[in-house]
Amino acid sequence: MKTTINQVKHYVGQDVTIGAWLANKRSSGKIAFLQLRDGTGFMQGVVVKSAVGDEAFDQAKGLTQESSMHVTGTIVEDARSPFGFEMQVKEIEIIHEAVDFPITPKEHGTEFLMDHRHLWLRSKRQHAVMQIRNEIIRATYQFFNEQGFIKIDPPILTGSSAEGTTELFHTQYFDEEAYLSQSGQLYMEAAAMAFGKVFSFGPTFRAEKSKTRRHLIEFWMMEPEMAFMDHEESLVVQEEYVSFIAQSVLENCRLELDTLDRDIEKLKEVQAPFPRITYTEAIELLEKLGFDDIKWGEDFGAPHETAIAEHFDKPVFITHYPKDIKAFYMKPDPENPDVVLCADLIAPEGYGEIVGGSQRIDDLELMKQRYDEHNLTGDAYKWYLELRQYGSVPHSGFGLGLERTVAWFAGVEHVRETIPFPRLLNRLYP
Ligand code: 4AD
Ligand code: MG
């Protein structure tokens, strides 16, 4: 019976065959312990000399790291390992012998690992991180589908910029100039006017010269957009969504969180509702905490966000930022037009801004005024203005950065480990 490691629980006491690679091994004169991996998981294979005979035992002892094989044996329960099962190996058929796999079980430097990312991905830790990433994606589709959203795919090649023009990747589009999308938002607004509640999930690109543990050049974003919803209603969707994906990871990725030594008590606290403070209150809080390097009207840096987050035991919404440090499309607060109806969700434990969102300007004249202030001329933005011309409605949306969310849930220090092939300031390889 051919199966995979994540299915062996159904075969206790039976003989199965698994296609696997050798992740690691240790052996003595009489017994060899093979750390097998098959893509779905990791499992120990035990080879006992007296059971398999000299020849098969020597073959097992001589296996090199990352060699591929078909391994056949009996599945037994193993209470000592977190995985819970192991294989008593009967036979190994080598498919390909690997020589000198560069990522040995010893410690390696970050640059070395990044240069070998295509091989590093095979490690147990990276496997756990990618499983958590996958679970967040799965739970995202579940959450939005159950809430009546439909998935809409905005374009990647675009003529417009949603988040400012300084961080765009330029490319040639036949005779026109085009950019790689920084955000699908503007198109998602058009989609919300056609379908009500929509969400997207796709790659976005920022030519940011930032070299921090939170910044990627290419990252993936979930972008819901909702017609007939104001800022406050959007915050409720955001906190319920973030709680849902956190609890899904807790429920379905226990082994992975274990592998990563994640403190799960912290994750259990990620339950709606989340606290909210205004930008102005956050500035006052920072002053009280002794920060003298920021004043009203300036944007927060990572140390500010971390200090604010440490004040709460859950993620915290910072709302009502000054209009001048936020994007052109955000709706001014009717009670104070110097600030906008927006929020950033700051994760605990120093993981920074996870979500950015706002209510959008729905008034045609005000949007025209913003176009003038931001120099948004030409045909590229004409269509976006027309959304305010035909049945304009209050609407809101937000963007959740997938890699920062993975880093937070998995307890991984740097976002470079949360995407299979990270694009960083000085890295396009592999
Ligand atoms: O705050 P941002 O720039 O918001 C937008 O793009 C809006 N148009 C979204 C919307 O309302 N539909 O980005 C949203 C999120 C951030 O909160 C952060 O989690 C992530 O995207 N993000 C990055 N992640 C990794 N590397 C970068 N360079 C990122 N820039 C933003
Ligand atoms: Mg932001």
# chains A, B, ... in the order shown; residues from 1 in each chain; ligands from 1
>>> residues_near_ligand(ligand="ligand 1", cutoff="9 Å", atoms="only C-alpha atoms and all ligand atoms", output="PDB file with N, CA and C atoms, in the first residue's frame")
ATOM      1  N   ALA A 162      -1.768  52.965  -6.254  1.00  0.00           N
ATOM      2  CA  ALA A 162      -2.679  53.181  -5.128  1.00  0.00           C
ATOM      3  C   ALA A 162      -1.961  53.802  -3.943  1.00  0.00           C
ATOM      4  N   GLU A 163      -0.715  53.466  -3.758  1.00  0.00           N
ATOM      5  CA  GLU A 163      -0.037  53.822  -2.503  1.00  0.00           C
ATOM      6  C   GLU A 163       1.139  54.775  -2.725  1.00  0.00           C
ATOM      7  N   GLN A 182       0.958  47.689  -6.715  1.00  0.00           N
ATOM      8  CA  GLN A 182       1.326  47.871  -5.293  1.00  0.00           C
ATOM      9  C   GLN A 182       0.216  47.387  -4.399  1.00  0.00           C
ATOM     10  N   SER A 183      -0.998  47.331  -4.969  1.00  0.00           N
ATOM     11  CA  SER A 183      -2.200  47.002  -4.214  1.00  0.00           C
ATOM     12  C   SER A 183      -3.314  46.874  -5.230  1.00  0.00           C
ATOM     13  N   GLY A 184      -4.205  45.904  -5.011  1.00  0.00           N
ATOM     14  CA  GLY A 184      -5.326  45.759  -5.936  1.00  0.00           C
ATOM     15  C   GLY A 184      -6.498  46.668  -5.594  1.00  0.00           C
ATOM     16  N   GLN A 185      -6.325  47.456  -4.548  1.00  0.00           N
ATOM     17  CA  GLN A 185      -7.459  48.158  -3.949  1.00  0.00           C
ATOM     18  C   GLN A 185      -8.349  48.938  -4.917  1.00  0.00           C
ATOM     19  N   LEU A 186      -7.744  49.750  -5.783  1.00  0.00           N
ATOM     20  CA  LEU A 186      -8.574  50.618  -6.622  1.00  0.00           C
ATOM     21  C   LEU A 186      -9.511  49.768  -7.480  1.00  0.00           C
ATOM     22  N   MET A 188     -10.451  46.730  -6.685  1.00  0.00           N
ATOM     23  CA  MET A 188     -11.391  46.047  -5.782  1.00  0.00           C
ATOM     24  C   MET A 188     -12.564  46.970  -5.444  1.00  0.00           C
ATOM     25  N   GLU A 189     -12.321  48.283  -5.431  1.00  0.00           N
ATOM     26  CA  GLU A 189     -13.433  49.217  -5.224  1.00  0.00           C
ATOM     27  C   GLU A 189     -14.423  49.115  -6.382  1.00  0.00           C
ATOM     28  N   THR A 204       1.861  41.561  -4.589  1.00  0.00           N
ATOM     29  CA  THR A 204       1.985  43.004  -4.759  1.00  0.00           C
ATOM     30  C   THR A 204       3.471  43.354  -4.676  1.00  0.00           C
ATOM     31  N   PHE A 205       3.816  44.494  -5.219  1.00  0.00           N
ATOM     32  CA  PHE A 205       5.231  44.824  -5.414  1.00  0.00           C
ATOM     33  C   PHE A 205       5.524  46.234  -4.929  1.00  0.00           C
ATOM     34  N   ARG A 206       6.578  46.385  -4.172  1.00  0.00           N
ATOM     35  CA  ARG A 206       6.968  47.716  -3.706  1.00  0.00           C
ATOM     36  C   ARG A 206       8.474  47.865  -3.870  1.00  0.00           C
ATOM     37  N   ALA A 207       8.862  48.845  -4.661  1.00  0.00           N
ATOM     38  CA  ALA A 207      10.304  49.099  -4.853  1.00  0.00           C
ATOM     39  C   ALA A 207      10.818  49.918  -3.674  1.00  0.00           C
ATOM     40  N   GLU A 208      10.648  49.336  -2.484  1.00  0.00           N
ATOM     41  CA  GLU A 208      11.019  50.034  -1.255  1.00  0.00           C
ATOM     42  C   GLU A 208      12.466  49.775  -0.920  1.00  0.00           C
ATOM     43  N   SER A 210      13.724  49.665   1.819  1.00  0.00           N
ATOM     44  CA  SER A 210      13.778  49.339   3.253  1.00  0.00           C
ATOM     45  C   SER A 210      14.408  47.974   3.463  1.00  0.00           C
ATOM     46  N   ARG A 213      13.222  43.732   9.021  1.00  0.00           N
ATOM     47  CA  ARG A 213      12.701  42.368   9.131  1.00  0.00           C
ATOM     48  C   ARG A 213      11.224  42.271   8.773  1.00  0.00           C
ATOM     49  N   ARG A 214      10.615  43.416   8.413  1.00  0.00           N
ATOM     50  CA  ARG A 214       9.191  43.421   8.049  1.00  0.00           C
ATOM     51  C   ARG A 214       8.928  43.725   6.582  1.00  0.00           C
ATOM     52  N   HIS A 215       9.982  44.001   5.823  1.00  0.00           N
ATOM     53  CA  HIS A 215       9.771  44.454   4.447  1.00  0.00           C
ATOM     54  C   HIS A 215      10.258  43.467   3.398  1.00  0.00           C
ATOM     55  N   LEU A 216       9.373  43.181   2.464  1.00  0.00           N
ATOM     56  CA  LEU A 216       9.715  42.417   1.277  1.00  0.00           C
ATOM     57  C   LEU A 216       9.453  43.311   0.076  1.00  0.00           C
ATOM     58  N   ILE A 217      10.106  43.002  -1.041  1.00  0.00           N
ATOM     59  CA  ILE A 217       9.875  43.749  -2.282  1.00  0.00           C
ATOM     60  C   ILE A 217       8.620  43.189  -2.958  1.00  0.00           C
ATOM     61  N   GLU A 218       8.472  41.873  -2.871  1.00  0.00           N
ATOM     62  CA  GLU A 218       7.291  41.198  -3.419  1.00  0.00           C
ATOM     63  C   GLU A 218       6.596  40.519  -2.245  1.00  0.00           C
ATOM     64  N   PHE A 219       5.360  40.877  -1.994  1.00  0.00           N
ATOM     65  CA  PHE A 219       4.637  40.224  -0.897  1.00  0.00           C
ATOM     66  C   PHE A 219       3.191  39.991  -1.314  1.00  0.00           C
ATOM     67  N   TRP A 220       2.500  39.164  -0.532  1.00  0.00           N
ATOM     68  CA  TRP A 220       1.130  38.771  -0.904  1.00  0.00           C
ATOM     69  C   TRP A 220       0.141  39.420   0.052  1.00  0.00           C
ATOM     70  N   MET A 221      -0.946  39.879  -0.516  1.00  0.00           N
ATOM     71  CA  MET A 221      -1.913  40.622   0.286  1.00  0.00           C
ATOM     72  C   MET A 221      -3.332  40.091   0.084  1.00  0.00           C
ATOM     73  N   MET A 222      -4.088  40.066   1.190  1.00  0.00           N
ATOM     74  CA  MET A 222      -5.512  39.810   1.131  1.00  0.00           C
ATOM     75  C   MET A 222      -6.181  41.177   1.166  1.00  0.00           C
ATOM     76  N   GLU A 223      -7.041  41.466   0.192  1.00  0.00           N
ATOM     77  CA  GLU A 223      -7.678  42.787   0.144  1.00  0.00           C
ATOM     78  C   GLU A 223      -9.199  42.691  -0.022  1.00  0.00           C
ATOM     79  N   PRO A 224      -9.923  42.693   1.102  1.00  0.00           N
ATOM     80  CA  PRO A 224     -11.377  42.737   1.041  1.00  0.00           C
ATOM     81  C   PRO A 224     -11.850  44.174   0.796  1.00  0.00           C
ATOM     82  N   GLU A 225     -12.968  44.300   0.116  1.00  0.00           N
ATOM     83  CA  GLU A 225     -13.570  45.621  -0.116  1.00  0.00           C
ATOM     84  C   GLU A 225     -15.085  45.441  -0.025  1.00  0.00           C
ATOM     85  N   ALA A 327      -2.961  57.728   2.419  1.00  0.00           N
ATOM     86  CA  ALA A 327      -3.201  57.713   0.974  1.00  0.00           C
ATOM     87  C   ALA A 327      -4.334  58.666   0.573  1.00  0.00           C
ATOM     88  N   ASP A 344      -4.725  51.164  11.262  1.00  0.00           N
ATOM     89  CA  ASP A 344      -3.685  50.155  11.083  1.00  0.00           C
ATOM     90  C   ASP A 344      -3.838  49.190  12.246  1.00  0.00           C
ATOM     91  N   LEU A 345      -3.744  47.905  11.962  1.00  0.00           N
ATOM     92  CA  LEU A 345      -3.783  46.920  13.049  1.00  0.00           C
ATOM     93  C   LEU A 345      -2.351  46.516  13.380  1.00  0.00           C
ATOM     94  N   ILE A 346      -1.952  46.751  14.626  1.00  0.00           N
ATOM     95  CA  ILE A 346      -0.586  46.458  15.048  1.00  0.00           C
ATOM     96  C   ILE A 346      -0.585  45.159  15.856  1.00  0.00           C
ATOM     97  N   GLY A 352       4.577  44.277  14.284  1.00  0.00           N
ATOM     98  CA  GLY A 352       4.289  45.477  13.500  1.00  0.00           C
ATOM     99  C   GLY A 352       2.929  45.495  12.834  1.00  0.00           C
ATOM    100  N   GLU A 353       2.809  46.377  11.839  1.00  0.00           N
ATOM    101  CA  GLU A 353       1.533  46.587  11.151  1.00  0.00           C
ATOM    102  C   GLU A 353       1.191  45.392  10.266  1.00  0.00           C
ATOM    103  N   ILE A 354       0.050  44.799  10.578  1.00  0.00           N
ATOM    104  CA  ILE A 354      -0.407  43.611   9.859  1.00  0.00           C
ATOM    105  C   ILE A 354      -1.449  43.989   8.812  1.00  0.00           C
ATOM    106  N   VAL A 355      -2.329  44.944   9.193  1.00  0.00           N
ATOM    107  CA  VAL A 355      -3.424  45.359   8.324  1.00  0.00           C
ATOM    108  C   VAL A 355      -3.423  46.872   8.207  1.00  0.00           C
ATOM    109  N   GLY A 356      -3.699  47.359   6.996  1.00  0.00           N
ATOM    110  CA  GLY A 356      -3.973  48.785   6.792  1.00  0.00           C
ATOM    111  C   GLY A 356      -5.308  48.898   6.082  1.00  0.00           C
ATOM    112  N   GLY A 357      -6.171  49.772   6.560  1.00  0.00           N
ATOM    113  CA  GLY A 357      -7.472  49.893   5.899  1.00  0.00           C
ATOM    114  C   GLY A 357      -8.101  51.242   6.138  1.00  0.00           C
ATOM    115  N   SER A 358      -9.212  51.477   5.436  1.00  0.00           N
ATOM    116  CA  SER A 358      -9.895  52.772   5.594  1.00  0.00           C
ATOM    117  C   SER A 358     -11.274  52.743   4.959  1.00  0.00           C
ATOM    118  N   GLN A 359     -12.064  53.768   5.319  1.00  0.00           N
ATOM    119  CA  GLN A 359     -13.241  54.080   4.523  1.00  0.00           C
ATOM    120  C   GLN A 359     -12.744  54.936   3.371  1.00  0.00           C
ATOM    121  N   ARG A 360     -13.345  54.756   2.183  1.00  0.00           N
ATOM    122  CA  ARG A 360     -12.863  55.466   1.003  1.00  0.00           C
ATOM    123  C   ARG A 360     -13.709  56.710   0.749  1.00  0.00           C
ATOM    124  N   SER A 396     -15.725  50.578   2.338  1.00  0.00           N
ATOM    125  CA  SER A 396     -14.484  50.463   3.107  1.00  0.00           C
ATOM    126  C   SER A 396     -13.773  49.176   2.726  1.00  0.00           C
ATOM    127  N   GLY A 397     -12.504  49.131   3.041  1.00  0.00           N
ATOM    128  CA  GLY A 397     -11.742  47.917   2.760  1.00  0.00           C
ATOM    129  C   GLY A 397     -10.422  47.952   3.482  1.00  0.00           C
ATOM    130  N   PHE A 398      -9.698  46.866   3.336  1.00  0.00           N
ATOM    131  CA  PHE A 398      -8.411  46.789   4.023  1.00  0.00           C
ATOM    132  C   PHE A 398      -7.497  45.775   3.337  1.00  0.00           C
ATOM    133  N   GLY A 399      -6.229  45.844   3.694  1.00  0.00           N
ATOM    134  CA  GLY A 399      -5.246  44.898   3.154  1.00  0.00           C
ATOM    135  C   GLY A 399      -4.483  44.251   4.293  1.00  0.00           C
ATOM    136  N   LEU A 400      -4.432  42.913   4.279  1.00  0.00           N
ATOM    137  CA  LEU A 400      -3.652  42.187   5.286  1.00  0.00           C
ATOM    138  C   LEU A 400      -2.412  41.616   4.606  1.00  0.00           C
ATOM    139  N   GLY A 401      -1.251  41.933   5.155  1.00  0.00           N
ATOM    140  CA  GLY A 401       0.003  41.431   4.601  1.00  0.00           C
ATOM    141  C   GLY A 401       0.231  39.998   5.057  1.00  0.00           C
ATOM    142  N   LEU A 402       0.249  39.060   4.087  1.00  0.00           N
ATOM    143  CA  LEU A 402       0.333  37.645   4.457  1.00  0.00           C
ATOM    144  C   LEU A 402       1.641  37.312   5.183  1.00  0.00           C
ATOM    145  N   GLU A 403       2.764  37.796   4.669  1.00  0.00           N
ATOM    146  CA  GLU A 403       4.051  37.369   5.245  1.00  0.00           C
ATOM    147  C   GLU A 403       4.224  37.866   6.674  1.00  0.00           C
ATOM    148  N   ARG A 404       3.769  39.085   6.952  1.00  0.00           N
ATOM    149  CA  ARG A 404       3.877  39.574   8.335  1.00  0.00           C
ATOM    150  C   ARG A 404       2.975  38.766   9.261  1.00  0.00           C
ATOM    151  N   THR A 405       1.836  38.338   8.733  1.00  0.00           N
ATOM    152  CA  THR A 405       0.927  37.529   9.538  1.00  0.00           C
ATOM    153  C   THR A 405       1.533  36.159   9.816  1.00  0.00           C
ATOM    154  N   VAL A 415      10.564  38.329   7.953  1.00  0.00           N
ATOM    155  CA  VAL A 415       9.618  37.906   6.906  1.00  0.00           C
ATOM    156  C   VAL A 415      10.284  37.115   5.782  1.00  0.00           C
TER     157      VAL A 415
END
>>> residues_around(residues="stretch 21-38 of chain A", least_positions_apart="3", cutoff="9 Å", atoms="only C-alpha atoms", output="list in words")
Thr4, Ile5, Ile18, Gly41, Phe42, Met43, Gln44, Gly45, Val46, Val47, Val48, Lys49, Ser50, Phe57, Ala60, Lys61, Leu63, Thr64, Gln65, Glu66, Ser67, Ser68, Met69, His70, Thr104, Pro105, Arg122, Ser123 and Lys124 of chain A
>>> closest_atom_pairs(of="stretch 180-241 of chain A", to="stretch 147-158 of chain A", cutoff="8 Å", atoms="only C-alpha atoms", output="tab-separated table")
residue	atom	partner	partner_atom	distance
A:Leu180	CA	A:Leu157	CA	5.1
A:Ser181	CA	A:Ile156	CA	4.9
A:Gly184	CA	A:Pro154	CA	5.4
A:Tyr187	CA	A:Pro154	CA	5.9
A:Met188	CA	A:Pro154	CA	6.7
A:Ala191	CA	A:Ile152	CA	7.2
A:Phe195	CA	A:Ile150	CA	7.5
A:Gly196	CA	A:Phe149	CA	7.7
A:Lys197	CA	A:Phe149	CA	4.7
A:Val198	CA	A:Ile150	CA	4.8
A:Phe199	CA	A:Lys151	CA	4.9
A:Ser200	CA	A:Ile152	CA	5.4
A:Phe201	CA	A:Asp153	CA	7.4
A:Gly202	CA	A:Asp153	CA	7.6
A:Pro203	CA	A:Ile156	CA	7.7
A:Thr204	CA	A:Ile156	CA	7.6
>>> residues_around(residues="A:Leu385", least_positions_apart="3", cutoff="9 Å", atoms="only C-alpha atoms", output="list of chain:residue names")
A:Leu364, A:Met367, A:Lys368, A:Tyr381, A:Lys382, A:Arg388, A:Gln389
>>> write_last_selection(atoms="C-alpha atoms", output="JSON list (two decimals), in the first residue's frame")
[["chain", "number", "residue", "atom", "x", "y", "z"],
["A", 364, "LEU", "CA", -17.02, 62.97, -6.51],
["A", 367, "MET", "CA", -12.11, 63.04, -4.93],
["A", 368, "LYS", "CA", -11.50, 65.52, -7.76],
["A", 381, "TYR", "CA", -7.20, 57.37, -12.97],
["A", 382, "LYS", "CA", -10.23, 58.37, -15.02],
["A", 388, "ARG", "CA", -18.03, 58.13, -7.71],
["A", 389, "GLN", "CA", -20.19, 59.28, -10.60]]
>>> residues_around(residues="stretch 297-306 of chain A", least_positions_apart="6", cutoff="9 Å", atoms="only C-alpha atoms", output="PyMOL selection string")
chain A and resi 286+291+321-325+346-353
>>> write_last_selection(atoms="N, CA and C atoms", output="short mmCIF file (atom, residue, chain, number, x, y, z; two decimals), in the first residue's frame")
data_model
loop_
_atom_site.label_atom_id
_atom_site.label_comp_id
_atom_site.auth_asym_id
_atom_site.auth_seq_id
_atom_site.Cartn_x
_atom_site.Cartn_y
_atom_site.Cartn_z
N LEU A 286 2.91 57.65 23.64
CA LEU A 286 4.37 57.62 23.39
C LEU A 286 5.09 58.70 24.19
N PHE A 291 9.09 58.84 24.73
CA PHE A 291 9.59 59.05 23.37
C PHE A 291 9.59 60.55 23.05
N TYR A 321 -5.62 58.58 11.59
CA TYR A 321 -4.30 59.18 11.33
C TYR A 321 -4.48 60.54 10.65
N PRO A 322 -3.47 61.39 10.76
CA PRO A 322 -3.51 62.65 10.02
C PRO A 322 -3.63 62.37 8.52
N LYS A 323 -4.44 63.15 7.87
CA LYS A 323 -4.69 62.93 6.44
C LYS A 323 -3.41 63.02 5.61
N ASP A 324 -2.47 63.89 6.03
CA ASP A 324 -1.28 64.13 5.22
C ASP A 324 -0.29 62.97 5.18
N ILE A 325 -0.40 62.02 6.10
CA ILE A 325 0.53 60.88 6.04
C ILE A 325 -0.15 59.61 5.54
N ILE A 346 -1.95 46.75 14.63
CA ILE A 346 -0.59 46.46 15.05
C ILE A 346 -0.59 45.16 15.86
N ALA A 347 0.25 44.22 15.43
CA ALA A 347 0.32 42.92 16.11
C ALA A 347 1.11 43.05 17.40
N PRO A 348 0.85 42.18 18.37
CA PRO A 348 1.68 42.16 19.57
C PRO A 348 3.08 41.58 19.27
N GLU A 349 3.92 41.59 20.28
CA GLU A 349 5.24 40.94 20.23
C GLU A 349 6.18 41.52 19.17
N GLY A 350 5.92 42.77 18.75
CA GLY A 350 6.86 43.43 17.85
C GLY A 350 6.73 43.07 16.38
N TYR A 351 5.63 42.42 15.97
CA TYR A 351 5.49 42.04 14.57
C TYR A 351 4.98 43.16 13.68
N GLY A 352 4.58 44.28 14.28
CA GLY A 352 4.29 45.48 13.50
C GLY A 352 2.93 45.50 12.83
N GLU A 353 2.81 46.38 11.84
CA GLU A 353 1.53 46.59 11.15
C GLU A 353 1.19 45.39 10.27
#
>>> select_by_dssp(residues="stretch 73-300 of chain A", states="strand (DSSP E)", output="PyMOL selection string")
chain A and resi 73-77+85-96+150-151+157-158+170-173+176-180+197-205+218-227+276-278
